Amino acid sequence: MKNRLAIVLSVLVITLFSCEKQTVWNVKDYGAVDDNKTINTQAIQNAIDECSKSGGGTVMLDGGTFISGTILLKNNVNLNITENTVLLGSINPNDYPVVDPFIDATGQFRGQCFIGAIDVDNASISGKGTINGQGEMFTPANVKKTIKRLGIEIVKPDFSSLISKDSKYVNNDIRYSNRPFLVRLVRATNVKMKDIHLRQPAAWTLHLFQCDEFEIDGIDIHSHANRNNDAIDIDSSTHGVIKNVTIDSGDDAICFKSTSPKPSSDIEVYDCKIKSNWGAIKFGTESMGDYKNITVRDCFIHDTRGGGIKMLSVDGANIDNVLIENITMENVEMPIFIRLGERGLTYRGVEKKPVGSINNVVIRNIKAKVSELSELRLTPTSGFFFTGTPNHKIGNIKFENIEVSLPGGGTDEDMKIVVPENETEYPEFTKLGATPAYGVYARHIENLETKNIKFTLRSEDKRKEIVLVDVNE
């Protein structure tokens with residue numbers, strides 16, 4: 001009887017343990033090797049696929065350096081990269097197949113990525129490890145060296161079907177870029193990124209396209225390896241939070257785009273530290289879909305050669321109900337630039353949209369120091385530069401509690417500057433040139449409301465503090 005009871009208990013214990021649901025899939029169990037030379041694409045992908053098929057859980061990379069090509073996340077998978085572990089991008093261009101391709105505003109064919117998530121739900125990336133794209137190896141010169149050394153030919157997809165006859169591009173020489181994004185989430189829902197370090201992509205760092213319900217928390221981005229190296233691009237995506245993010249990027253830092261007619265809306269950005277060589281907080285330039293119900297607050301912007309805040313609707317976007325508050329800027333080129341234009345580019349084969357609008361924008365509690373004259377691309381610069389077009393005015397804009405320190409430097413001749421309209425050109429303040437005002441130059445606005453605005457000059461400036469053209473106050 002005792003032996004029989006012991007057998008029964010043993011069977012029960014084995015059954016209980018065998019019924020425990022697996023929660024962690026270690027990529028090493030699937031053959032991945034963290035030796036900084038083995039290509040682990042298939043091993044990591046197998047772990048992700050098995051995790052998702054089993055109902056979901058965590059796929060863990062723990063160890064040294066794992067090299068891989070494109071990895072696609074699946075439903076209910078959390079890709080966890082532990083502290084001091086590196087997921088390193090392969091330098092072979094053929095290790096990055098095209099997924100969900102499109103042609104961007106510059107005329108570059110896009111679709112490659114290192115980490116992707118296409119049409120998935122509840123996917124995430126976490127851990128204090130690093131994802132490094134080795135973007136410096138994807139310059140044209142280095143790609144040529146790589147394919148020669150590996151003895152391969154680049155596999156180029158046929159993207160002729162993506163080219164719309166009615167589309168216009170900044171550069172009409174449509175070309176294949178060979179530069180994968182670092183992380184690209186497409187039509188994903190309930191996606192999260194937590195604490196991860198993103199390093200050196202060949203193109204954009206983090207791209208969310210037509211995603212819904214997303215959270216980006218505590219990640220750290222350094223992106224200076226190649227061109228068009230935006231940090232975070234929120235593209236036709238909705239219901240999201242970006243918080244506690246640190247960014248040092250060669251191009252736009254946090255950028256709201258819309259390369260489709262769908263909106264980017266209901267998004268909150270806060271407690272971020274941002275450095276950029278182009279624009280820190282930017283709406284556009286790709287701007288077909290609307291930008292609505294967006295708040296940016298409690299951020300520190302520093303050492304930014306482009307604008308601190310740029311708000312651009314030039315391809316049909318309606319920008320409405322935007323709040324920007326409690327922002328400190330240190331050494332920026334132009335604190336705030338707002339432009340409603342008539343460029344009218346189209347993307348993904350859709351029809352051209354009518355000219356958009358900018359309305360119900362509140363910017364308050366801003367303290368900014370403009371960089372020294374020797375560091376500026378545009379001299380003399382201005383604090384604020386707002387312009388619609390003669391036929392399409394900006395709507396209601398409100399500014400309150402603003403302090404701006406400027407380097408000065410404007411001459412008597414600068415007072416005579418006539419700012420060109422350039423309605424259909426690329427919407428950059430350097431292309432429009434200097435203005436006859438050092439504080440505010442505003443043009444073609446239905447209603448501009450200002451309260452408690454202060455400009456301080458660090459050297460003489462002969463221009464006026466404020467110049468308004470076709471503006472109702």
# chains A, B, ... in the order shown; residues from 1 in each chain; ligands from 1
$ residues_around --residues "region 185-198 of chain A" --least-positions-apart "4" --cutoff "6 Å" --atoms "only C-alpha atoms" --output "ChimeraX atom specification"
/A:116-131,208-221
$ residues_around --residues "Glu421 (chain A)" --least-positions-apart "3" --cutoff "9 Å" --atoms "only C-alpha atoms" --output "PDB file with N, CA and C atoms, in the first residue's frame"
ATOM      1  N   THR A 387       4.654  81.270 -40.152  1.00  0.00           N
ATOM      2  CA  THR A 387       4.134  81.756 -41.426  1.00  0.00           C
ATOM      3  C   THR A 387       3.172  80.767 -42.066  1.00  0.00           C
ATOM      4  N   GLY A 388       2.027  81.298 -42.501  1.00  0.00           N
ATOM      5  CA  GLY A 388       1.140  80.560 -43.383  1.00  0.00           C
ATOM      6  C   GLY A 388       1.454  80.973 -44.811  1.00  0.00           C
ATOM      7  N   THR A 389       0.444  80.987 -45.655  1.00  0.00           N
ATOM      8  CA  THR A 389       0.624  81.459 -47.024  1.00  0.00           C
ATOM      9  C   THR A 389      -0.457  82.513 -47.299  1.00  0.00           C
ATOM     10  N   PRO A 390      -0.313  83.292 -48.367  1.00  0.00           N
ATOM     11  CA  PRO A 390      -1.326  84.322 -48.635  1.00  0.00           C
ATOM     12  C   PRO A 390      -2.741  83.766 -48.745  1.00  0.00           C
ATOM     13  N   THR A 424       5.581  76.211 -51.795  1.00  0.00           N
ATOM     14  CA  THR A 424       5.657  74.802 -52.190  1.00  0.00           C
ATOM     15  C   THR A 424       7.027  74.177 -51.907  1.00  0.00           C
ATOM     16  N   LEU A 432      13.942  79.766 -45.939  1.00  0.00           N
ATOM     17  CA  LEU A 432      13.227  81.037 -46.009  1.00  0.00           C
ATOM     18  C   LEU A 432      14.144  82.211 -45.691  1.00  0.00           C
TER      19      LEU A 432
END
$ residues_around --residues "Phe102 (chain A)" --least-positions-apart "6" --cutoff "10 Å" --atoms "only C-alpha atoms" --output "mmCIF file with C-alpha atoms, in the first residue's frame"
data_model
loop_
_atom_site.group_PDB
_atom_site.id
_atom_site.type_symbol
_atom_site.label_atom_id
_atom_site.label_comp_id
_atom_site.auth_asym_id
_atom_site.auth_seq_id
_atom_site.Cartn_x
_atom_site.Cartn_y
_atom_site.Cartn_z
ATOM 1 C CA GLN A 108 14.354 56.619 -51.023
ATOM 2 C CA PHE A 109 12.952 53.102 -51.097
ATOM 3 C CA ARG A 110 12.398 51.918 -47.525
ATOM 4 C CA GLY A 111 11.340 48.682 -45.882
ATOM 5 C CA PHE A 159 9.811 48.393 -56.130
ATOM 6 C CA LEU A 162 5.373 51.589 -55.403
ATOM 7 C CA ILE A 163 6.129 54.572 -57.617
ATOM 8 C CA THR A 259 3.246 59.073 -44.557
ATOM 9 C CA TYR A 347 2.944 58.724 -50.267
ATOM 10 C CA ARG A 348 1.975 55.099 -50.780
ATOM 11 C CA GLY A 349 0.060 55.837 -53.975
#
$ closest_atom_pairs --of "region 126-185 of chain A" --to "region 233-236 of chain A" --cutoff "12 Å" --atoms "only C-alpha atoms" --output "CSV"
residue,atom,partner,partner_atom,distance
A:Phe181,CA,A:Asp233,CA,10.9
A:Leu182,CA,A:Asp233,CA,11.7
A:Val183,CA,A:Asp233,CA,10.5
A:Arg184,CA,A:Asp233,CA,9.6
A:Leu185,CA,A:Ile234,CA,10.0
$ atom_distance --atom1 "CA of Val296 (chain A)" --atom2 "CA of Val322 (chain A)"
8.2 Å
$ select_by_dssp --residues "region 14-218 of chain A" --states "helix (DSSP H, G or I)" --output "JSON, numbers by chain"
{"A": [14, 15, 16, 17, 18, 27, 28, 29, 30, 41, 42, 43, 44, 45, 46, 47, 48, 49, 50, 51, 52, 53, 93, 94, 95, 135, 136, 137, 138, 140, 141, 142, 143, 144, 145, 146, 147, 148, 149, 150, 160, 161, 162]}
$ residues_around --residues "region 37-54 of chain A" --least-positions-apart "6" --cutoff "10 Å" --atoms "only C-alpha atoms" --output "PDB file with N, CA and C atoms, in the first residue's frame"
ATOM      1  N   LYS A  21       3.426  26.230 -17.195  1.00  0.00           N
ATOM      2  CA  LYS A  21       3.553  26.927 -18.481  1.00  0.00           C
ATOM      3  C   LYS A  21       4.921  27.576 -18.598  1.00  0.00           C
ATOM      4  N   GLN A  22       5.581  27.368 -19.711  1.00  0.00           N
ATOM      5  CA  GLN A  22       6.875  27.992 -19.947  1.00  0.00           C
ATOM      6  C   GLN A  22       6.683  29.485 -20.160  1.00  0.00           C
ATOM      7  N   THR A  23       7.531  30.295 -19.512  1.00  0.00           N
ATOM      8  CA  THR A  23       7.412  31.745 -19.605  1.00  0.00           C
ATOM      9  C   THR A  23       8.626  32.399 -20.231  1.00  0.00           C
ATOM     10  N   VAL A  24       9.775  31.713 -20.243  1.00  0.00           N
ATOM     11  CA  VAL A  24      11.004  32.291 -20.771  1.00  0.00           C
ATOM     12  C   VAL A  24      11.617  31.343 -21.801  1.00  0.00           C
ATOM     13  N   TRP A  25      11.962  31.909 -22.957  1.00  0.00           N
ATOM     14  CA  TRP A  25      12.637  31.163 -24.006  1.00  0.00           C
ATOM     15  C   TRP A  25      14.019  31.788 -24.190  1.00  0.00           C
ATOM     16  N   ASN A  26      15.060  31.055 -23.826  1.00  0.00           N
ATOM     17  CA  ASN A  26      16.428  31.530 -23.958  1.00  0.00           C
ATOM     18  C   ASN A  26      16.938  31.192 -25.355  1.00  0.00           C
ATOM     19  N   VAL A  27      17.408  32.202 -26.082  1.00  0.00           N
ATOM     20  CA  VAL A  27      17.810  31.970 -27.468  1.00  0.00           C
ATOM     21  C   VAL A  27      18.974  30.983 -27.571  1.00  0.00           C
ATOM     22  N   LYS A  28      19.753  30.844 -26.514  1.00  0.00           N
ATOM     23  CA  LYS A  28      20.855  29.883 -26.550  1.00  0.00           C
ATOM     24  C   LYS A  28      20.343  28.448 -26.640  1.00  0.00           C
ATOM     25  N   ASP A  29      19.142  28.219 -26.130  1.00  0.00           N
ATOM     26  CA  ASP A  29      18.546  26.883 -26.230  1.00  0.00           C
ATOM     27  C   ASP A  29      18.169  26.538 -27.667  1.00  0.00           C
ATOM     28  N   TYR A  30      18.160  27.553 -28.544  1.00  0.00           N
ATOM     29  CA  TYR A  30      17.817  27.346 -29.953  1.00  0.00           C
ATOM     30  C   TYR A  30      19.042  27.457 -30.853  1.00  0.00           C
ATOM     31  N   GLY A  31      20.208  27.460 -30.223  1.00  0.00           N
ATOM     32  CA  GLY A  31      21.446  27.444 -30.986  1.00  0.00           C
ATOM     33  C   GLY A  31      22.139  28.782 -31.140  1.00  0.00           C
ATOM     34  N   MET A  60      14.627  35.686 -24.258  1.00  0.00           N
ATOM     35  CA  MET A  60      15.723  36.342 -23.556  1.00  0.00           C
ATOM     36  C   MET A  60      17.054  36.186 -24.284  1.00  0.00           C
ATOM     37  N   LEU A  61      17.752  37.313 -24.425  1.00  0.00           N
ATOM     38  CA  LEU A  61      19.139  37.328 -24.877  1.00  0.00           C
ATOM     39  C   LEU A  61      19.987  37.729 -23.687  1.00  0.00           C
ATOM     40  N   THR A  65      27.724  39.256 -27.099  1.00  0.00           N
ATOM     41  CA  THR A  65      27.219  39.924 -28.292  1.00  0.00           C
ATOM     42  C   THR A  65      26.652  38.909 -29.268  1.00  0.00           C
ATOM     43  N   PHE A  66      25.362  39.069 -29.573  1.00  0.00           N
ATOM     44  CA  PHE A  66      24.672  38.221 -30.541  1.00  0.00           C
ATOM     45  C   PHE A  66      24.539  39.003 -31.848  1.00  0.00           C
ATOM     46  N   ILE A  67      25.064  38.481 -32.938  1.00  0.00           N
ATOM     47  CA  ILE A  67      24.909  39.121 -34.247  1.00  0.00           C
ATOM     48  C   ILE A  67      23.709  38.510 -34.960  1.00  0.00           C
ATOM     49  N   SER A  68      22.943  39.369 -35.660  1.00  0.00           N
ATOM     50  CA  SER A  68      21.746  38.873 -36.341  1.00  0.00           C
ATOM     51  C   SER A  68      21.372  39.795 -37.493  1.00  0.00           C
ATOM     52  N   GLY A  69      20.589  39.245 -38.414  1.00  0.00           N
ATOM     53  CA  GLY A  69      19.898  40.047 -39.409  1.00  0.00           C
ATOM     54  C   GLY A  69      18.485  40.319 -38.916  1.00  0.00           C
ATOM     55  N   THR A  70      17.558  40.552 -39.832  1.00  0.00           N
ATOM     56  CA  THR A  70      16.191  40.941 -39.480  1.00  0.00           C
ATOM     57  C   THR A  70      15.504  39.912 -38.586  1.00  0.00           C
ATOM     58  N   ILE A  71      14.929  40.406 -37.490  1.00  0.00           N
ATOM     59  CA  ILE A  71      14.144  39.608 -36.550  1.00  0.00           C
ATOM     60  C   ILE A  71      12.744  40.203 -36.501  1.00  0.00           C
ATOM     61  N   LEU A  72      11.734  39.360 -36.618  1.00  0.00           N
ATOM     62  CA  LEU A  72      10.345  39.828 -36.577  1.00  0.00           C
ATOM     63  C   LEU A  72       9.671  39.344 -35.300  1.00  0.00           C
ATOM     64  N   LEU A  73       9.211  40.307 -34.496  1.00  0.00           N
ATOM     65  CA  LEU A  73       8.471  39.970 -33.290  1.00  0.00           C
ATOM     66  C   LEU A  73       7.100  39.419 -33.656  1.00  0.00           C
ATOM     67  N   LYS A  74       6.532  38.641 -32.772  1.00  0.00           N
ATOM     68  CA  LYS A  74       5.224  38.038 -32.991  1.00  0.00           C
ATOM     69  C   LYS A  74       4.297  38.351 -31.818  1.00  0.00           C
ATOM     70  N   ASN A  75       3.038  37.933 -31.918  1.00  0.00           N
ATOM     71  CA  ASN A  75       2.050  38.217 -30.884  1.00  0.00           C
ATOM     72  C   ASN A  75       2.520  37.744 -29.512  1.00  0.00           C
ATOM     73  N   ASN A  76       2.324  38.625 -28.519  1.00  0.00           N
ATOM     74  CA  ASN A  76       2.524  38.281 -27.109  1.00  0.00           C
ATOM     75  C   ASN A  76       3.973  37.939 -26.755  1.00  0.00           C
ATOM     76  N   VAL A  77       4.930  38.475 -27.528  1.00  0.00           N
ATOM     77  CA  VAL A  77       6.344  38.197 -27.271  1.00  0.00           C
ATOM     78  C   VAL A  77       7.025  39.452 -26.730  1.00  0.00           C
ATOM     79  N   ASN A  78       7.745  39.275 -25.624  1.00  0.00           N
ATOM     80  CA  ASN A  78       8.605  40.317 -25.084  1.00  0.00           C
ATOM     81  C   ASN A  78      10.050  39.927 -25.359  1.00  0.00           C
ATOM     82  N   LEU A  79      10.731  40.707 -26.187  1.00  0.00           N
ATOM     83  CA  LEU A  79      12.144  40.479 -26.459  1.00  0.00           C
ATOM     84  C   LEU A  79      12.936  41.190 -25.377  1.00  0.00           C
ATOM     85  N   LEU A  87      22.717  43.080 -28.902  1.00  0.00           N
ATOM     86  CA  LEU A  87      22.173  42.498 -30.127  1.00  0.00           C
ATOM     87  C   LEU A  87      22.696  43.374 -31.251  1.00  0.00           C
ATOM     88  N   LEU A  88      23.605  42.828 -32.065  1.00  0.00           N
ATOM     89  CA  LEU A  88      24.358  43.596 -33.043  1.00  0.00           C
ATOM     90  C   LEU A  88      23.912  43.251 -34.463  1.00  0.00           C
ATOM     91  N   GLY A  89      23.663  44.275 -35.260  1.00  0.00           N
ATOM     92  CA  GLY A  89      23.210  44.054 -36.626  1.00  0.00           C
ATOM     93  C   GLY A  89      24.303  43.520 -37.532  1.00  0.00           C
ATOM     94  N   SER A  90      23.951  42.561 -38.362  1.00  0.00           N
ATOM     95  CA  SER A  90      24.871  42.051 -39.375  1.00  0.00           C
ATOM     96  C   SER A  90      25.231  43.165 -40.343  1.00  0.00           C
ATOM     97  N   ASP A  95      21.069  40.340 -45.348  1.00  0.00           N
ATOM     98  CA  ASP A  95      20.475  39.798 -44.124  1.00  0.00           C
ATOM     99  C   ASP A  95      19.266  40.603 -43.668  1.00  0.00           C
ATOM    100  N   ALA A 123       3.300  43.079 -28.411  1.00  0.00           N
ATOM    101  CA  ALA A 123       4.728  42.800 -28.544  1.00  0.00           C
ATOM    102  C   ALA A 123       5.510  43.886 -27.809  1.00  0.00           C
TER     103      ALA A 123
END
$ closest_atom_pairs --of "region 316-401 of chain A" --to "region 303-306 of chain A" --cutoff "9 Å" --atoms "only C-alpha atoms" --output "tab-separated table"
residue	atom	partner	partner_atom	distance
A:Met329	CA	A:Asp303	CA	8.4
A:Glu330	CA	A:Asp303	CA	6.3
A:Asn331	CA	A:Asp303	CA	4.8
A:Val332	CA	A:Thr304	CA	4.7
A:Glu333	CA	A:Arg305	CA	5.2
A:Met334	CA	A:Gly306	CA	6.7
A:Pro335	CA	A:Gly306	CA	8.7
A:Ser371	CA	A:Asp303	CA	8.0
A:Glu375	CA	A:Arg305	CA	7.8
A:Leu376	CA	A:Arg305	CA	7.0
A:Arg377	CA	A:Arg305	CA	7.7
$ select_by_dssp --residues "region 369-429 of chain A" --states "strand (DSSP E or B)" --output "number ranges by chain"
A: 369-370, 384-387, 389, 392, 394-406
$ closest_residue --among "A:Asp414, A:Glu425, A:Asp252, A:Glu351" --to "Ile309 (chain A)" --atoms "only C-alpha atoms"
A:Asp252
$ closest_residue --among "A:Ala141, A:Ala231, A:Leu323, A:Leu457" --to "Gly279 (chain A)" --atoms "only C-alpha atoms"
A:Ala231
$ closest_residue --among "A:Leu150, A:Ile267, A:Leu373, A:Ala253" --to "Ser237 (chain A)" --atoms "only C-alpha atoms"
A:Ile267
$ atom_distance --atom1 "CA of Gly55 (chain A)" --atom2 "CA of Phe114 (chain A)"
24.0 Å
$ residues_around --residues "region 285-291 of chain A" --least-positions-apart "6" --cutoff "8 Å" --atoms "only C-alpha atoms" --output "ChimeraX atom specification"
/A:105,236,256-265,312-320,345-346,353,427
$ residues_around --residues "His224 (chain A)" --least-positions-apart "6" --cutoff "12 Å" --atoms "only C-alpha atoms" --output "PyMOL selection string"
chain A and resi 132-136+198-205+230-231+247-253+275-278
$ write_last_selection --atoms "N, CA and C atoms" --output "CSV table (one decimal), in the first residue's frame"
chain,number,residue,atom,x,y,z
A,132,ASN,N,22.3,47.5,-31.5
A,132,ASN,CA,23.2,48.3,-32.2
A,132,ASN,C,23.1,47.9,-33.7
A,133,GLY,N,22.8,48.9,-34.6
A,133,GLY,CA,22.6,48.6,-36.0
A,133,GLY,C,23.9,48.7,-36.8
A,134,GLN,N,25.0,49.1,-36.3
A,134,GLN,CA,26.3,49.3,-37.0
A,134,GLN,C,26.0,50.1,-38.3
A,135,GLY,N,25.3,51.2,-38.1
A,135,GLY,CA,24.9,52.0,-39.2
A,135,GLY,C,26.0,52.6,-40.1
A,136,GLU,N,27.2,52.7,-39.4
A,136,GLU,CA,28.4,53.3,-40.2
A,136,GLU,C,28.8,52.3,-41.3
A,198,LEU,N,19.2,52.0,-27.7
A,198,LEU,CA,19.2,51.9,-29.1
A,198,LEU,C,20.4,52.7,-29.7
A,199,ARG,N,21.2,52.0,-30.5
A,199,ARG,CA,22.5,52.6,-31.0
A,199,ARG,C,22.7,52.5,-32.5
A,200,GLN,N,23.1,53.6,-33.1
A,200,GLN,CA,23.7,53.6,-34.4
A,200,GLN,C,23.0,52.9,-35.5
A,201,PRO,N,21.8,53.3,-35.8
A,201,PRO,CA,21.0,52.7,-36.9
A,201,PRO,C,21.6,53.2,-38.3
A,202,ALA,N,21.3,52.5,-39.3
A,202,ALA,CA,21.7,53.0,-40.7
A,202,ALA,C,20.8,54.0,-41.2
A,203,ALA,N,19.5,54.1,-40.6
A,203,ALA,CA,18.6,55.1,-41.1
A,203,ALA,C,17.8,55.5,-39.8
A,204,TRP,N,16.4,55.5,-39.8
A,204,TRP,CA,15.7,55.9,-38.7
A,204,TRP,C,15.9,54.9,-37.5
A,205,THR,N,15.8,55.4,-36.3
A,205,THR,CA,16.1,54.5,-35.2
A,205,THR,C,14.9,53.7,-34.8
A,230,ASP,N,16.8,59.8,-37.8
A,230,ASP,CA,15.9,60.2,-36.8
A,230,ASP,C,15.9,59.3,-35.6
A,231,ALA,N,15.5,59.8,-34.4
A,231,ALA,CA,15.5,59.0,-33.2
A,231,ALA,C,14.1,58.3,-33.1
A,247,ILE,N,17.8,61.3,-25.7
A,247,ILE,CA,18.0,61.2,-27.2
A,247,ILE,C,19.2,62.1,-27.5
A,248,ASP,N,20.1,61.5,-28.3
A,248,ASP,CA,21.2,62.3,-29.0
A,248,ASP,C,21.2,61.8,-30.4
A,249,SER,N,20.6,62.6,-31.3
A,249,SER,CA,20.5,62.1,-32.7
A,249,SER,C,21.0,63.1,-33.7
A,250,GLY,N,21.5,62.6,-34.9
A,250,GLY,CA,22.0,63.5,-35.9
A,250,GLY,C,20.9,64.1,-36.7
A,251,ASP,N,19.7,63.6,-36.7
A,251,ASP,CA,18.5,64.2,-37.4
A,251,ASP,C,17.4,64.4,-36.3
A,252,ASP,N,16.2,64.5,-36.8
A,252,ASP,CA,15.1,64.8,-35.9
A,252,ASP,C,15.0,63.9,-34.7
A,253,ALA,N,14.7,64.4,-33.5
A,253,ALA,CA,14.7,63.6,-32.3
A,253,ALA,C,13.3,62.9,-32.1
A,275,LYS,N,18.7,66.0,-27.5
A,275,LYS,CA,19.8,66.7,-28.3
A,275,LYS,C,19.6,66.3,-29.7
A,276,SER,N,19.7,67.2,-30.7
A,276,SER,CA,19.5,66.9,-32.1
A,276,SER,C,20.4,67.8,-33.0
A,277,ASN,N,20.8,67.3,-34.1
A,277,ASN,CA,21.4,68.2,-35.1
A,277,ASN,C,20.4,68.7,-36.1
A,278,TRP,N,19.1,68.5,-35.9
A,278,TRP,CA,18.2,69.1,-36.9
A,278,TRP,C,16.9,69.6,-36.2
$ closest_residue --among "A:Asn447, A:Ser382, A:Ser374, A:Gln112" --to "Val99 (chain A)" --atoms "only C-alpha atoms"
A:Gln112
$ atom_distance --atom1 "CA of Ile174 (chain A)" --atom2 "CA of Thr106 (chain A)"
8.3 Å
